[in-house]
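Note: the block below is coords_14.cif and it holds mmCIF, C-alpha atoms and all ligand atoms.
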data_data
#
loop_
_atom_site.label_atom_id
_atom_site.label_comp_id
_atom_site.auth_asym_id
_atom_site.auth_seq_id
_atom_site.Cartn_x
_atom_site.Cartn_y
_atom_site.Cartn_z
CA MET A 138 12.89 -16.22 11.01
CA ALA A 139 14.96 -18.79 12.86
CA ALA A 140 18.46 -17.73 13.78
CA THR A 141 19.91 -20.34 11.46
CA GLY A 142 18.13 -19.08 8.37
CA ILE A 143 15.57 -20.24 5.84
CA GLU A 144 16.10 -21.83 2.45
CA ILE A 145 14.76 -19.57 -0.32
CA ALA A 146 16.02 -21.74 -3.21
CA PRO A 147 17.79 -25.11 -3.30
CA GLY A 148 21.11 -24.62 -1.50
CA VAL A 149 20.42 -20.97 -0.71
CA VAL A 150 20.03 -19.96 2.95
CA ASP A 151 18.75 -16.48 3.80
CA LEU A 152 20.13 -15.03 7.06
CA THR A 153 19.17 -12.00 9.13
CA PRO A 154 19.63 -11.12 12.82
CA PRO A 155 16.79 -12.84 14.70
CA GLN A 156 16.20 -9.98 17.14
CA ASN A 157 16.36 -6.21 16.93
CA GLY A 158 16.87 -6.49 13.21
CA TYR A 159 15.82 -2.88 12.81
CA LEU A 160 18.82 -1.75 14.84
CA LYS A 161 21.16 -4.19 13.12
CA GLY A 162 21.46 -2.64 9.71
CA GLY A 163 17.75 -2.18 8.95
CA TYR A 164 16.79 -5.84 8.60
CA VAL A 165 19.93 -6.52 6.61
CA HIS A 166 20.34 -9.96 5.04
CA SER A 167 23.19 -12.17 3.94
CA PHE A 168 23.23 -15.49 2.11
CA LEU A 169 24.98 -18.83 2.47
CA LEU A 170 25.14 -20.79 -0.77
CA ASP A 171 25.97 -24.48 -0.84
CA THR A 172 27.53 -24.83 -4.29
CA PRO A 173 29.63 -27.46 -6.10
CA ASP A 174 32.56 -25.08 -5.46
CA GLY A 175 31.99 -25.07 -1.70
CA VAL A 176 30.12 -22.63 0.50
CA ILE A 177 29.88 -19.09 -0.83
CA LEU A 178 28.89 -16.25 1.51
CA ILE A 179 27.27 -13.11 0.11
CA ASP A 180 27.61 -10.15 2.54
CA THR A 181 28.24 -10.54 6.26
CA LEU A 182 25.36 -8.93 8.25
CA PHE A 183 25.78 -6.16 10.86
CA ASP A 184 27.26 -7.70 14.01
CA ALA A 185 31.03 -7.90 14.28
CA ASP A 186 30.92 -11.30 16.01
CA ALA A 187 29.32 -12.88 12.91
CA GLN A 188 27.50 -15.19 15.30
CA VAL A 189 24.37 -15.57 13.16
CA ILE A 190 26.46 -16.77 10.23
CA LEU A 191 28.62 -19.05 12.38
CA ASP A 192 25.49 -20.58 13.94
CA ALA A 193 23.99 -21.15 10.50
CA LEU A 194 27.15 -22.96 9.37
CA ALA A 195 27.20 -25.11 12.52
CA ALA A 196 23.52 -25.98 12.10
CA ARG A 197 24.46 -27.45 8.71
CA SER A 198 27.43 -29.36 10.10
CA LYS A 199 29.85 -26.97 8.43
CA THR A 200 32.77 -25.01 9.81
CA PRO A 201 34.12 -21.58 8.78
CA ALA A 202 36.81 -23.45 6.81
CA ASP A 203 34.07 -24.72 4.50
CA VAL A 204 33.46 -21.14 3.31
CA LYS A 205 35.48 -20.87 0.08
CA HIS A 206 34.51 -17.39 -1.14
CA ILE A 207 33.19 -14.22 0.55
CA LEU A 208 31.42 -11.91 -1.91
CA LEU A 209 30.44 -8.34 -1.05
CA THR A 210 27.71 -6.44 -2.84
CA HIS A 211 29.08 -3.05 -1.73
CA GLY A 212 30.91 -1.14 0.97
CA HIS A 213 28.12 -0.10 3.33
CA ARG A 214 28.48 -0.73 7.05
CA ALA A 215 25.37 -2.90 7.46
CA HIS A 216 26.78 -5.51 5.08
CA LEU A 217 30.34 -5.58 6.43
CA GLY A 218 29.88 -6.22 10.17
CA GLY A 219 31.07 -9.83 10.34
CA LEU A 220 33.57 -9.58 7.51
CA ALA A 221 36.86 -9.34 9.43
CA LYS A 222 35.84 -12.13 11.81
CA LEU A 223 34.73 -14.44 9.02
CA LYS A 224 37.87 -13.74 7.00
CA GLU A 225 40.00 -14.57 10.04
CA LEU A 226 38.17 -17.84 10.72
CA SER A 227 37.70 -19.04 7.14
CA ARG A 228 40.73 -17.57 5.37
CA ALA A 229 38.45 -17.43 2.32
CA PRO A 230 39.24 -14.84 -0.37
CA VAL A 231 37.15 -11.67 -0.26
CA TYR A 232 35.73 -10.24 -3.49
CA ALA A 233 34.35 -6.77 -4.25
CA HIS A 234 34.30 -4.12 -6.96
CA GLU A 235 37.37 -1.89 -7.04
CA TRP A 236 35.34 1.26 -6.26
CA GLU A 237 34.22 -0.28 -2.94
CA ALA A 238 37.45 -2.07 -2.02
CA ASP A 239 39.25 0.80 -0.27
CA ILE A 240 36.14 1.55 1.80
CA ILE A 241 35.98 -2.10 2.86
CA ALA A 242 39.71 -2.01 3.66
CA GLY A 243 39.17 1.05 5.88
CA GLU A 244 41.18 3.43 3.68
CA ARG A 245 38.27 5.67 2.66
CA LYS A 246 34.97 6.65 4.29
CA GLN A 247 31.74 5.60 2.65
CA GLN A 248 29.99 8.38 0.78
CA GLY A 249 27.44 10.39 2.76
CA VAL A 250 23.71 9.87 2.49
CA SER A 251 20.81 12.31 2.42
CA LEU A 252 19.10 12.91 5.76
CA ARG A 253 16.06 14.61 4.22
CA PRO A 254 12.69 12.91 4.83
CA MET A 255 11.99 10.71 1.80
CA LYS A 256 9.92 7.63 0.99
CA GLY A 257 10.66 4.77 3.36
CA LEU A 258 10.79 7.04 6.42
CA ALA A 259 11.57 4.11 8.73
CA VAL A 260 15.09 4.19 7.31
CA LEU A 261 15.80 7.74 8.43
CA PRO A 262 16.55 7.13 12.16
CA ILE A 263 19.05 4.44 11.16
CA LEU A 264 20.81 6.77 8.74
CA ILE A 265 20.83 9.67 11.21
CA GLY A 266 22.20 7.36 13.93
CA GLY A 267 24.83 6.00 11.57
CA THR A 268 25.86 9.50 10.53
CA VAL A 269 25.93 11.07 13.99
CA PHE A 270 27.56 8.06 15.65
CA GLY A 271 29.46 7.07 12.52
CA PRO A 272 32.87 6.67 14.13
CA LEU A 273 31.33 4.32 16.70
CA SER A 274 29.65 2.13 14.16
CA GLU A 275 32.40 1.76 11.57
CA HIS A 276 33.14 -1.77 10.51
CA LYS A 277 36.41 -3.52 11.28
CA PRO A 278 38.50 -3.05 8.13
CA CYS A 279 39.38 -6.05 6.01
CA PRO A 280 41.43 -6.09 2.80
CA VAL A 281 39.75 -7.24 -0.41
CA ASP A 282 41.65 -10.05 -2.14
CA HIS A 283 40.06 -9.93 -5.59
CA LEU A 284 38.60 -6.99 -7.52
CA ILE A 285 35.68 -8.12 -9.65
CA THR A 286 33.13 -6.59 -11.98
CA GLN A 287 30.62 -7.44 -14.73
CA GLY A 288 31.48 -10.72 -16.47
CA ALA A 289 33.47 -12.32 -13.64
CA ARG A 290 32.41 -15.74 -12.42
CA ILE A 291 32.89 -17.22 -8.95
CA GLY A 292 31.82 -20.85 -8.77
CA PRO A 293 28.35 -20.96 -10.33
CA LEU A 294 27.73 -17.25 -9.78
CA GLN A 295 27.80 -14.60 -12.49
CA VAL A 296 28.90 -11.16 -11.34
CA LEU A 297 26.73 -8.22 -12.43
CA HIS A 298 27.86 -4.62 -12.05
CA THR A 299 24.76 -2.73 -10.84
CA PRO A 300 25.81 0.87 -10.09
CA GLY A 301 23.44 3.50 -8.70
CA HIS A 302 23.07 2.82 -4.98
CA THR A 303 26.87 3.02 -4.97
CA PRO A 304 29.20 3.23 -8.00
CA GLY A 305 30.75 -0.19 -7.43
CA HIS A 306 27.63 -2.08 -6.39
CA LEU A 307 27.49 -5.73 -7.51
CA ALA A 308 24.70 -8.29 -7.80
CA PHE A 309 25.23 -12.03 -8.17
CA TYR A 310 23.21 -14.48 -10.29
CA TRP A 311 23.04 -18.26 -9.90
CA HIS A 312 21.50 -19.18 -13.23
CA GLU A 313 21.05 -22.92 -12.57
CA ARG A 314 19.01 -22.17 -9.43
CA ARG A 315 17.28 -19.12 -10.92
CA ALA A 316 18.42 -17.18 -7.84
CA LEU A 317 19.50 -13.55 -7.82
CA PHE A 318 21.25 -11.66 -5.01
CA THR A 319 20.67 -7.96 -5.37
CA GLY A 320 22.27 -6.37 -2.31
CA ASP A 321 20.85 -2.85 -2.16
CA ALA A 322 20.15 -2.66 -5.91
CA PHE A 323 16.72 -4.03 -4.95
CA VAL A 324 15.28 -4.18 -1.41
CA THR A 325 11.90 -5.05 0.14
CA TRP A 326 12.11 -3.11 3.43
CA PRO A 327 10.66 -0.65 4.33
CA LEU A 328 9.31 -0.54 0.77
CA ILE A 329 9.98 -2.43 -2.45
CA CYS A 330 12.44 -0.23 -4.29
CA PRO A 331 15.87 -0.28 -5.92
CA GLY A 332 17.85 0.89 -2.88
CA TRP A 333 16.60 3.27 -0.21
CA PRO A 334 15.85 6.68 -1.76
CA ASN A 335 18.01 8.40 0.90
CA THR A 336 21.05 6.33 -0.07
CA MET A 337 20.66 6.39 -3.85
CA LEU A 338 23.77 8.13 -5.16
CA ASN A 339 22.79 8.07 -8.84
CA LYS A 340 19.11 7.69 -9.69
CA LYS A 341 19.55 7.15 -13.43
CA GLN A 342 22.13 4.40 -12.94
CA THR A 343 19.97 2.80 -10.25
CA TRP A 344 17.01 2.40 -12.57
CA GLU A 345 19.16 1.25 -15.49
CA SER A 346 20.68 -1.43 -13.23
CA LEU A 347 17.19 -2.53 -12.17
CA ARG A 348 16.09 -2.74 -15.80
CA ARG A 349 19.06 -5.00 -16.59
CA LEU A 350 18.30 -7.24 -13.59
CA SER A 351 14.66 -7.51 -14.71
CA GLU A 352 15.79 -9.21 -17.95
CA LEU A 353 17.17 -12.23 -16.08
CA ASP A 354 15.27 -15.48 -15.60
CA VAL A 355 14.74 -15.39 -11.83
CA GLN A 356 12.57 -17.20 -9.32
CA ALA A 357 14.08 -16.26 -5.90
CA ILE A 358 15.62 -12.90 -5.03
CA GLY A 359 17.77 -12.49 -1.94
CA VAL A 360 17.68 -8.78 -1.11
CA GLY A 361 19.92 -6.55 1.01
CA HIS A 362 17.17 -5.39 3.38
CA GLY A 363 13.86 -7.13 4.08
CA ALA A 364 12.36 -10.50 3.30
CA ALA A 365 13.41 -12.38 0.18
CA ILE A 366 11.16 -12.79 -2.83
CA THR A 367 10.67 -16.54 -3.30
CA GLN A 368 8.36 -16.70 -6.32
CA ASN A 369 8.21 -14.99 -9.72
CA GLY A 370 11.24 -12.81 -9.10
CA SER A 371 11.51 -11.73 -12.75
CA GLN A 372 7.93 -10.50 -12.73
CA VAL A 373 8.44 -8.48 -9.53
CA LEU A 374 11.53 -6.81 -11.02
CA ARG A 375 9.81 -6.12 -14.35
CA GLU A 376 6.79 -4.53 -12.66
CA LEU A 377 8.96 -2.28 -10.50
CA SER A 378 11.15 -1.37 -13.44
CA ALA A 379 8.09 -0.46 -15.53
CA ARG A 380 6.70 1.70 -12.71
CA GLY A 381 9.81 3.87 -12.72
CA TYR A 382 11.23 6.37 -10.29
CA VAL A 383 10.15 6.30 -6.63
ZN ZN A 401 23.90 0.09 0.91
ZN ZN A 402 22.29 -1.83 2.81
#
Starting from the file, give its structure as structure tokens.
Amino acid sequence: MAATGIEIAPGVVDLTPPQNGYLKGGYVHSFLLDTPDGVILIDTLFDADAQVILDALAARSKTPADVKHILLTHGHRAHLGGLAKLKELSRAPVYAHEWEADIIAGERKQQGVSLRPMKGLAVLPILIGGTVFGPLSEHKPCPVDHLITQGARIGPLQVLHTPGHTPGHLAFYWHERRALFTGDAFVTWPLICPGWPNTMLNKKQTWESLRRLSELDVQAIGVGHGAAITQNGSQVLRELSARGYV
């Protein structure tokens, strides 16, 4: 993927680090949305310099000041790397669920993950590294401006509370573009699943959240880790939901 991203739906640019993506949050992704309410950023990738996101803005003749809202799916390190930098440059309000907000603000550590071998083994070295070297890889704290949950609306996006991977996990749905942003409630790397098994805090909630997402009318799905789904998103979610626990 080019450093400046690919369009997965009209006005939706999918971003991931162009090199060493494995070591930068396990092929983590973030999304730039060009909406009637200005540019909305969903998650902030791994690197603290936010350079991939800044380059993507510049490539579209936009500046950080054009970013009007920064939405966070949840408080895991891989998704928070560029947050403080982007907040400083854009001064855009930051939104997250209240359960995640104090982690994002640096007031509480993120909950531990299992280091047992499970499906999606490629994830394990990243989690072990993050646990052992945790203090070295913590994100730069950034306060959350607005606490949001199910039913909130930011520009054209509907906010969906999708607990399971973490208790305050959010997904975002752009109905008019049939585009869904799942964070880690649904990922495609290293396997298609609702969150990495090692990081799934509540299995029952995870699968209930996936079932609810599968009821939406969706074409494109921007996921937290791995390549986006660009066609028949609803069908992919329904099939996974019907298959059940991984
Ligand atoms: Zn996560
Ligand atoms: Zn993640």
- Check which residues fall inside 6 Å of ligand ZN 402 (chain A) when counting all atoms listed in the file, and print them as a list in words.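 So the residues close to ligand ZN 402 (chain A) are Ala215, Asp321 and Gly361 of chain A.
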Would you write out, as a Markdown table, a table of all residues in region 269-320 of chain A that have an atom no more than 12 Å from an atom of region 160-170 of chain A, listing for each the closest atom pair and the distance in Å to one decimal, considering all atoms listed in the file and ordering rows by chain and rising residue number?
| residue | atom | partner | partner_atom | distance |
| --- | --- | --- | --- | --- |
| A:Ser274 | CA | A:Gly162 | CA | 10.5 |
| A:Glu275 | CA | A:Gly162 | CA | 11.9 |
| A:His276 | CA | A:Gly162 | CA | 11.7 |
| A:Ile291 | CA | A:Leu170 | CA | 11.8 |
| A:Gly292 | CA | A:Leu170 | CA | 10.4 |
| A:Pro293 | CA | A:Leu170 | CA | 10.1 |
| A:Leu294 | CA | A:Leu170 | CA | 10.0 |
| A:Phe309 | CA | A:Phe168 | CA | 11.0 |
| A:Tyr310 | CA | A:Leu170 | CA | 11.6 |
| A:Trp311 | CA | A:Leu170 | CA | 9.7 |
| A:Arg314 | CA | A:Leu170 | CA | 10.7 |
| A:Ala316 | CA | A:Leu170 | CA | 10.4 |
| A:Leu317 | CA | A:Phe168 | CA | 10.8 |
| A:Phe318 | CA | A:Phe168 | CA | 8.3 |
| A:Thr319 | CA | A:Ser167 | CA | 10.5 |
| A:Gly320 | CA | A:His166 | CA | 8.4 |
- Task: Could you check which of A:Gly370, A:Pro327, A:Gly212, A:Gly301 is closest to ligand ZN 401 (chain A), using all atoms listed in the file?
- Result: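 Ranked by minimum distance to ligand ZN 401 (chain A), first place goes to A:Gly212.
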- Item | Nearby residues, ligand ZN 401 (chain A), 12 Å, only C-alpha atoms and all ligand atoms, as an MDAnalysis selection string | chainID A and resid 162:163 165:166 180 182:183 209:217 237 247:250 260 264 300:307 319:324 331:338 360:362
- Å distance separating CA of Ala146 (chain A) from CA of Val355 (chain A), one decimal place: 10.8 Å
- In terms of only C-alpha atoms, the residue from A:Thr153, A:Ser378, A:Gln295, A:Thr343 at minimal distance from Ala365 (chain A) is A:Thr153
Where's the centre, and what are the edge lengths in Å to one decimal, of a box along x, y and z enclosing all listed atoms of region 160-169 of chain A padded 4 Å per side, as lines of an AutoDock Vina configuration file?
center_x = 20.9
center_y = -10.3
center_z = 8.5
size_x = 16.2
size_y = 25.1
size_z = 20.7
- Query: If we count all atoms listed in the file, what is near Val296 (chain A) at a cut-off of 6 Å, once residues fewer than 4 positions away on the same chain are taken out, given as a list of chain:residue names?
  - Reply: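 Non-adjacent residues within range: A:Gln287, A:Gly288, A:Ala289, A:Arg290, A:Phe309.
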- Closest to Glu313 (chain A) among A:Ala357, A:Ala221, A:Val204, A:Leu374, using only C-alpha atoms? A:Ala357
- Message: If I take CA of Ile285 (chain A) and CA of His206 (chain A), how far is one from the other in Å, to one decimal?
- Response: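 Computing it gives 12.6 Å between the two atoms.
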- Measuring atom to atom with all atoms listed in the file, identify which of A:Pro155, A:Gly175, A:Gly218, A:Pro230 is nearest to Asp203 (chain A).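 Result for the nearest residue to Asp203 (chain A): A:Gly175.
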- Is there a way to get, as a ChimeraX atom specification, all residues within 7 Å of the point (24.3, -2.3, -12.9) in file coordinates, counting only C-alpha atoms? /A:297-300,345-346,349
- Task: Enter the distance from CA of Ile329 (chain A) to CA of Ser251 (chain A), in Å, rounded to one decimal.
- Result: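 One can read the CA of Ile329 (chain A) to CA of Ser251 (chain A) distance as 18.9 Å.
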- Task: Check the smallest atom-to-atom distance from each of A:Trp236, A:Gly142, A:Asp282, A:Pro147 to Leu194 (chain A) using all atoms listed in the file, then report the winner.
- Result: A:Gly142
- Among A:Leu208, A:Leu353, A:Leu220, A:Leu347, Tyr232 (chain A) is approached most closely, using all atoms listed in the file, by A:Leu208
- Item | Nearby residues (only C-alpha atoms) at most 12 Å from Asp192 (chain A), same-chain spacing under 6 positions excluded, as a PyMOL selection string | chain A and resi 139-142+152-155+169+186+198-201
Let me see the file: selected residues, C-alpha atoms, as an mmCIF file, keeping the file's coordinate frame.
data_model
loop_
_atom_site.group_PDB
_atom_site.id
_atom_site.type_symbol
_atom_site.label_atom_id
_atom_site.label_comp_id
_atom_site.auth_asym_id
_atom_site.auth_seq_id
_atom_site.Cartn_x
_atom_site.Cartn_y
_atom_site.Cartn_z
ATOM 1 C CA ALA A 139 14.960 -18.790 12.860
ATOM 2 C CA ALA A 140 18.460 -17.730 13.780
ATOM 3 C CA THR A 141 19.910 -20.340 11.460
ATOM 4 C CA GLY A 142 18.130 -19.080 8.370
ATOM 5 C CA LEU A 152 20.130 -15.030 7.060
ATOM 6 C CA THR A 153 19.170 -12.000 9.130
ATOM 7 C CA PRO A 154 19.630 -11.120 12.820
ATOM 8 C CA PRO A 155 16.790 -12.840 14.700
ATOM 9 C CA LEU A 169 24.980 -18.830 2.470
ATOM 10 C CA ASP A 186 30.920 -11.300 16.010
ATOM 11 C CA SER A 198 27.430 -29.360 10.100
ATOM 12 C CA LYS A 199 29.850 -26.970 8.430
ATOM 13 C CA THR A 200 32.770 -25.010 9.810
ATOM 14 C CA PRO A 201 34.120 -21.580 8.780
#
With the input short on atoms, add N, CA and C atoms back to region 195-214 of chain A and write it as a PDB file, keeping the file's coordinate frame.
ATOM      1  N   ALA A 195      27.177 -23.986  11.581  1.00  0.00           N
ATOM      2  CA  ALA A 195      27.200 -25.110  12.520  1.00  0.00           C
ATOM      3  C   ALA A 195      25.928 -25.949  12.406  1.00  0.00           C
ATOM      4  N   ALA A 196      24.787 -25.271  12.210  1.00  0.00           N
ATOM      5  CA  ALA A 196      23.520 -25.980  12.100  1.00  0.00           C
ATOM      6  C   ALA A 196      23.490 -26.893  10.879  1.00  0.00           C
ATOM      7  N   ARG A 197      24.379 -26.623   9.921  1.00  0.00           N
ATOM      8  CA  ARG A 197      24.460 -27.450   8.710  1.00  0.00           C
ATOM      9  C   ARG A 197      25.710 -28.327   8.715  1.00  0.00           C
ATOM     10  N   SER A 198      26.242 -28.522   9.925  1.00  0.00           N
ATOM     11  CA  SER A 198      27.430 -29.360  10.100  1.00  0.00           C
ATOM     12  C   SER A 198      28.614 -28.880   9.280  1.00  0.00           C
ATOM     13  N   LYS A 199      28.719 -27.546   9.162  1.00  0.00           N
ATOM     14  CA  LYS A 199      29.850 -26.970   8.430  1.00  0.00           C
ATOM     15  C   LYS A 199      30.663 -26.095   9.382  1.00  0.00           C
ATOM     16  N   THR A 200      31.894 -25.868   9.015  1.00  0.00           N
ATOM     17  CA  THR A 200      32.770 -25.010   9.810  1.00  0.00           C
ATOM     18  C   THR A 200      33.131 -23.782   8.962  1.00  0.00           C
ATOM     19  N   PRO A 201      33.696 -22.742   9.588  1.00  0.00           N
ATOM     20  CA  PRO A 201      34.120 -21.580   8.780  1.00  0.00           C
ATOM     21  C   PRO A 201      35.072 -21.977   7.653  1.00  0.00           C
ATOM     22  N   ALA A 202      35.862 -23.029   7.856  1.00  0.00           N
ATOM     23  CA  ALA A 202      36.810 -23.450   6.810  1.00  0.00           C
ATOM     24  C   ALA A 202      36.103 -23.948   5.556  1.00  0.00           C
ATOM     25  N   ASP A 203      34.819 -24.290   5.690  1.00  0.00           N
ATOM     26  CA  ASP A 203      34.070 -24.720   4.500  1.00  0.00           C
ATOM     27  C   ASP A 203      33.692 -23.547   3.601  1.00  0.00           C
ATOM     28  N   VAL A 204      33.764 -22.321   4.132  1.00  0.00           N
ATOM     29  CA  VAL A 204      33.460 -21.140   3.310  1.00  0.00           C
ATOM     30  C   VAL A 204      34.639 -20.900   2.369  1.00  0.00           C
ATOM     31  N   LYS A 205      34.389 -20.970   1.069  1.00  0.00           N
ATOM     32  CA  LYS A 205      35.480 -20.870   0.080  1.00  0.00           C
ATOM     33  C   LYS A 205      35.583 -19.490  -0.558  1.00  0.00           C
ATOM     34  N   HIS A 206      34.494 -18.720  -0.533  1.00  0.00           N
ATOM     35  CA  HIS A 206      34.510 -17.390  -1.140  1.00  0.00           C
ATOM     36  C   HIS A 206      33.597 -16.466  -0.329  1.00  0.00           C
ATOM     37  N   ILE A 207      34.043 -15.231  -0.094  1.00  0.00           N
ATOM     38  CA  ILE A 207      33.190 -14.220   0.550  1.00  0.00           C
ATOM     39  C   ILE A 207      32.993 -13.084  -0.451  1.00  0.00           C
ATOM     40  N   LEU A 208      31.741 -12.914  -0.894  1.00  0.00           N
ATOM     41  CA  LEU A 208      31.420 -11.910  -1.910  1.00  0.00           C
ATOM     42  C   LEU A 208      30.701 -10.738  -1.245  1.00  0.00           C
ATOM     43  N   LEU A 209      31.073  -9.531  -1.630  1.00  0.00           N
ATOM     44  CA  LEU A 209      30.440  -8.340  -1.050  1.00  0.00           C
ATOM     45  C   LEU A 209      29.724  -7.559  -2.142  1.00  0.00           C
ATOM     46  N   THR A 210      28.468  -7.204  -1.854  1.00  0.00           N
ATOM     47  CA  THR A 210      27.710  -6.440  -2.840  1.00  0.00           C
ATOM     48  C   THR A 210      28.212  -4.995  -2.921  1.00  0.00           C
ATOM     49  N   HIS A 211      28.589  -4.422  -1.748  1.00  0.00           N
ATOM     50  CA  HIS A 211      29.080  -3.050  -1.730  1.00  0.00           C
ATOM     51  C   HIS A 211      29.608  -2.692  -0.352  1.00  0.00           C
ATOM     52  N   GLY A 212      30.203  -1.500  -0.245  1.00  0.00           N
ATOM     53  CA  GLY A 212      30.910  -1.140   0.970  1.00  0.00           C
ATOM     54  C   GLY A 212      30.100  -0.341   1.961  1.00  0.00           C
ATOM     55  N   HIS A 213      28.895  -0.756   2.281  1.00  0.00           N
ATOM     56  CA  HIS A 213      28.120  -0.100   3.330  1.00  0.00           C
ATOM     57  C   HIS A 213      28.189  -0.908   4.615  1.00  0.00           C
ATOM     58  N   ARG A 214      28.253  -0.155   5.723  1.00  0.00           N
ATOM     59  CA  ARG A 214      28.480  -0.730   7.050  1.00  0.00           C
ATOM     60  C   ARG A 214      27.593  -1.940   7.367  1.00  0.00           C
TER      61      ARG A 214
END
